[in-house]
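Content type mmCIF, C-alpha atoms, from the file upload13.cif:
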```cif
data_start
loop_
_atom_site.label_atom_id
_atom_site.label_comp_id
_atom_site.auth_asym_id
_atom_site.auth_seq_id
_atom_site.Cartn_x
_atom_site.Cartn_y
_atom_site.Cartn_z
CA MET A 190 -53.84 -41.29 26.16
CA GLU A 191 -56.38 -43.77 24.94
CA ASP A 192 -53.82 -46.38 23.89
CA ASP A 193 -50.42 -46.77 25.53
CA SER A 194 -48.66 -47.82 22.35
CA PHE A 195 -47.41 -46.03 19.27
CA SER A 196 -47.91 -48.78 16.74
CA GLY A 197 -46.37 -48.32 13.35
CA MET A 198 -43.42 -46.31 14.62
CA ALA A 199 -39.84 -47.33 15.21
CA ASN A 200 -39.51 -49.76 12.32
CA GLY A 201 -42.99 -51.19 12.73
CA GLY A 202 -42.46 -52.05 16.40
CA GLN A 203 -43.89 -50.44 19.48
CA VAL A 204 -42.21 -47.62 21.33
CA ASP A 205 -40.66 -48.56 24.65
CA ASN A 206 -43.04 -48.39 27.62
CA LYS A 207 -40.47 -46.26 29.43
CA LEU A 208 -40.94 -43.56 26.79
CA ILE A 209 -44.70 -43.68 27.32
CA GLN A 210 -44.20 -43.30 31.07
CA THR A 211 -41.83 -40.37 30.49
CA PHE A 212 -44.37 -38.70 28.20
CA HIS A 213 -47.17 -39.23 30.70
CA LYS A 214 -45.14 -37.89 33.62
CA SER A 215 -44.03 -34.84 31.63
CA PHE A 216 -47.52 -34.09 30.34
CA VAL A 217 -48.90 -34.29 33.89
CA GLN A 218 -46.21 -31.82 35.00
CA VAL A 219 -46.97 -29.52 32.06
CA GLN A 220 -50.71 -29.62 32.76
CA SER A 221 -50.11 -28.79 36.41
CA ILE A 222 -47.98 -25.77 35.46
CA LEU A 223 -50.54 -24.63 32.88
CA ASP A 224 -53.30 -24.88 35.50
CA GLN A 225 -51.18 -22.77 37.84
CA ASN A 226 -50.60 -20.27 35.02
CA ARG A 227 -54.35 -19.97 34.47
CA MET A 228 -54.78 -19.03 38.14
CA LEU A 229 -51.88 -16.56 37.96
CA ILE A 230 -53.33 -14.91 34.86
CA ASN A 231 -56.73 -14.59 36.53
CA GLU A 232 -55.15 -12.97 39.59
CA ILE A 233 -53.05 -10.65 37.41
CA ASN A 234 -56.17 -9.57 35.52
CA GLN A 235 -58.13 -8.97 38.73
CA ASN A 236 -55.27 -6.94 40.19
CA HIS A 237 -54.97 -4.91 37.00
CA GLU A 238 -58.70 -4.19 36.91
CA SER A 239 -58.72 -3.15 40.58
CA ARG A 240 -56.11 -0.42 39.95
CA VAL A 241 -55.14 -0.68 43.63
CA PRO A 242 -51.44 0.26 43.90
CA ASP A 243 -50.56 -2.70 46.15
CA ASN A 244 -52.28 -5.11 43.76
CA LEU A 245 -50.46 -3.62 40.78
CA THR A 246 -47.17 -3.95 42.65
CA ARG A 247 -47.98 -7.60 43.39
CA ASN A 248 -48.47 -8.16 39.65
CA VAL A 249 -44.74 -7.70 39.13
CA SER A 250 -43.96 -10.83 41.14
CA LEU A 251 -46.92 -12.71 39.64
CA ILE A 252 -45.74 -11.94 36.10
CA ARG A 253 -42.22 -13.09 37.02
CA GLU A 254 -43.66 -16.34 38.35
CA LEU A 255 -45.71 -16.74 35.16
CA ASN A 256 -42.60 -16.20 33.01
CA ASN A 257 -40.65 -18.76 35.06
CA ASN A 258 -43.47 -21.26 34.64
CA ILE A 259 -43.45 -20.73 30.89
CA ARG A 260 -39.69 -21.39 30.87
CA ARG A 261 -40.31 -24.62 32.81
CA VAL A 262 -42.91 -25.75 30.26
CA VAL A 263 -40.53 -25.00 27.39
CA GLY A 264 -37.82 -26.98 29.18
CA LEU A 265 -40.14 -29.94 29.72
CA TYR A 266 -41.10 -29.97 26.05
CA ALA A 267 -37.44 -29.72 25.04
CA ASP A 268 -36.61 -32.69 27.29
CA LEU A 269 -39.52 -34.65 25.82
CA SER A 270 -38.37 -33.91 22.31
CA ALA A 271 -34.82 -35.00 23.07
CA SER A 272 -36.02 -38.16 24.80
CA PHE A 273 -38.26 -39.03 21.88
CA ALA A 274 -35.49 -38.38 19.36
CA ARG A 275 -33.04 -40.56 21.31
CA THR A 276 -35.59 -43.38 21.48
CA MET A 277 -36.34 -43.15 17.76
CA ASP A 278 -32.62 -43.06 16.92
CA ALA A 279 -31.94 -46.09 19.09
CA SER A 280 -34.88 -48.04 17.67
CA SER A 281 -34.08 -47.24 14.05
CA GLU A 282 -30.38 -48.17 14.07
CA GLY A 283 -31.16 -50.98 11.62
CA ASP A 284 -33.01 -48.60 9.25
CA SER A 285 -30.45 -46.88 7.06
CA SER A 286 -32.99 -44.43 5.61
CA GLY A 287 -33.43 -42.71 9.00
CA THR A 288 -37.12 -41.99 8.36
CA LEU A 289 -40.06 -43.06 10.40
CA ARG A 290 -42.55 -45.23 8.56
CA SER A 291 -46.18 -45.82 9.30
CA SER A 292 -47.62 -49.32 9.55
CA ASP A 293 -48.70 -49.18 5.88
CA GLY A 294 -45.07 -48.64 4.88
CA ALA A 295 -45.47 -45.11 3.55
CA GLY A 296 -43.01 -42.57 4.96
CA ARG A 297 -44.91 -39.88 6.83
CA ALA A 298 -42.21 -38.06 8.75
CA GLY A 299 -42.84 -34.34 8.78
CA GLN A 300 -46.60 -34.56 8.29
CA LYS A 301 -48.85 -33.10 10.93
CA ARG A 302 -51.32 -35.35 12.68
CA VAL A 303 -54.91 -34.18 12.28
CA ARG A 304 -56.70 -34.06 15.61
CA PRO A 305 -60.38 -34.95 15.72
CA GLY A 306 -62.85 -32.37 16.94
#
```
Hey, can you dump this file as structure tokens for me?
Amino acid sequence: MEDDSFSGMANGGQVDNKLIQTFHKSFVQVQSILDQNRMLINEINQNHESRVPDNLTRNVSLIRELNNNIRRVVGLYADLSASFARTMDASSEGDSSGTLRSSDGAGRAGQKRVRPG
């Protein structure tokens, strides 16, 4: 992340540093798992192309490992989502509307962020 604050969220304040640390830790874990998945997929593809019976048999366990890794990533994202929602709920207790507002005051909840590039 370029900036360790989410300005304009949580009633115009900044999101708790603990949330940022949680996000960072989780994203590092996710990236590590995704890197491992890339290696697994490459090995699975090589084994498949080789058509060697032992390699094809090994693919069964590699695909199981890949599926388990995907489940772990889904779980990490679910935990992140819940953590973020709890933080937003706790920080917006004084806001009866229950919507997140940007720093210019316009409600933007539900809109997708456009990524550069």
## Note on the structure
In Å and to one decimal, atom CA of Thr211 of chain A is distant from atom CA of Phe273 of chain A by 9.4 Å
### Query
If you measure from atom CA of Leu255 of chain A to atom CA of Leu208 of chain A, what distance in Å do you get, rounded to one decimal?
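One can read the atom CA of Leu255 of chain A to atom CA of Leu208 of chain A distance as 28.5 Å.
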### Task
Can you pull out every residue within 10 Å of segment 215-218 of chain A, counting only C-alpha atoms, but drop anything in the same chain fewer than 3 positions away, and send it as a PyMOL selection string?
chain A and resi 209-212+221-224+261-262+265-266+268-269
With C-alpha atoms kept, could you save the residues just selected as a compact mmCIF listing (two decimals), in the frame of the given file?
```
# COMPACT_ATOMS: atom_id res chain seq x y z
CA ILE A 209 -44.70 -43.68 27.32
CA GLN A 210 -44.20 -43.30 31.07
CA THR A 211 -41.83 -40.37 30.49
CA PHE A 212 -44.37 -38.70 28.20
CA SER A 221 -50.11 -28.79 36.41
CA ILE A 222 -47.98 -25.77 35.46
CA LEU A 223 -50.54 -24.63 32.88
CA ASP A 224 -53.30 -24.88 35.50
CA ARG A 261 -40.31 -24.62 32.81
CA VAL A 262 -42.91 -25.75 30.26
CA LEU A 265 -40.14 -29.94 29.72
CA TYR A 266 -41.10 -29.97 26.05
CA ASP A 268 -36.61 -32.69 27.29
CA LEU A 269 -39.52 -34.65 25.82
```
### Summary
Here atom CA of Glu254 of chain A and atom CA of Asn226 of chain A stand apart by 8.6 Å
Please provide the set of residues having any atom within 12 Å of Asn248 of chain A, restricted to all atoms listed in the file, with same-chain residues fewer than 3 positions apart removed, written as an mmCIF file with C-alpha atoms, keeping the file's coordinate frame.
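Generated file (result32.cif):
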```
data_model
loop_
_atom_site.group_PDB
_atom_site.id
_atom_site.type_symbol
_atom_site.label_atom_id
_atom_site.label_comp_id
_atom_site.auth_asym_id
_atom_site.auth_seq_id
_atom_site.Cartn_x
_atom_site.Cartn_y
_atom_site.Cartn_z
ATOM 1 C CA LEU A 229 -51.880 -16.560 37.960
ATOM 2 C CA ILE A 230 -53.330 -14.910 34.860
ATOM 3 C CA ASN A 231 -56.730 -14.590 36.530
ATOM 4 C CA GLU A 232 -55.150 -12.970 39.590
ATOM 5 C CA ILE A 233 -53.050 -10.650 37.410
ATOM 6 C CA ASN A 234 -56.170 -9.570 35.520
ATOM 7 C CA GLN A 235 -58.130 -8.970 38.730
ATOM 8 C CA ASN A 236 -55.270 -6.940 40.190
ATOM 9 C CA HIS A 237 -54.970 -4.910 37.000
ATOM 10 C CA GLU A 238 -58.700 -4.190 36.910
ATOM 11 C CA SER A 239 -58.720 -3.150 40.580
ATOM 12 C CA ARG A 240 -56.110 -0.420 39.950
ATOM 13 C CA VAL A 241 -55.140 -0.680 43.630
ATOM 14 C CA PRO A 242 -51.440 0.260 43.900
ATOM 15 C CA ASP A 243 -50.560 -2.700 46.150
ATOM 16 C CA ASN A 244 -52.280 -5.110 43.760
ATOM 17 C CA LEU A 245 -50.460 -3.620 40.780
ATOM 18 C CA LEU A 251 -46.920 -12.710 39.640
ATOM 19 C CA ILE A 252 -45.740 -11.940 36.100
ATOM 20 C CA ARG A 253 -42.220 -13.090 37.020
ATOM 21 C CA GLU A 254 -43.660 -16.340 38.350
ATOM 22 C CA LEU A 255 -45.710 -16.740 35.160
ATOM 23 C CA ASN A 256 -42.600 -16.200 33.010
#
```
Give, as JSON, the centre coordinates and the x, y and z edge lengths in Å to one decimal for an axis-aligned box around all listed atoms of segment 267-275 of chain A, padded by 4 Å on each side.
```
{"center_x": -36.3, "center_y": -35.1, "center_z": 23.3, "size_x": 14.5, "size_y": 18.8, "size_z": 15.9}
```
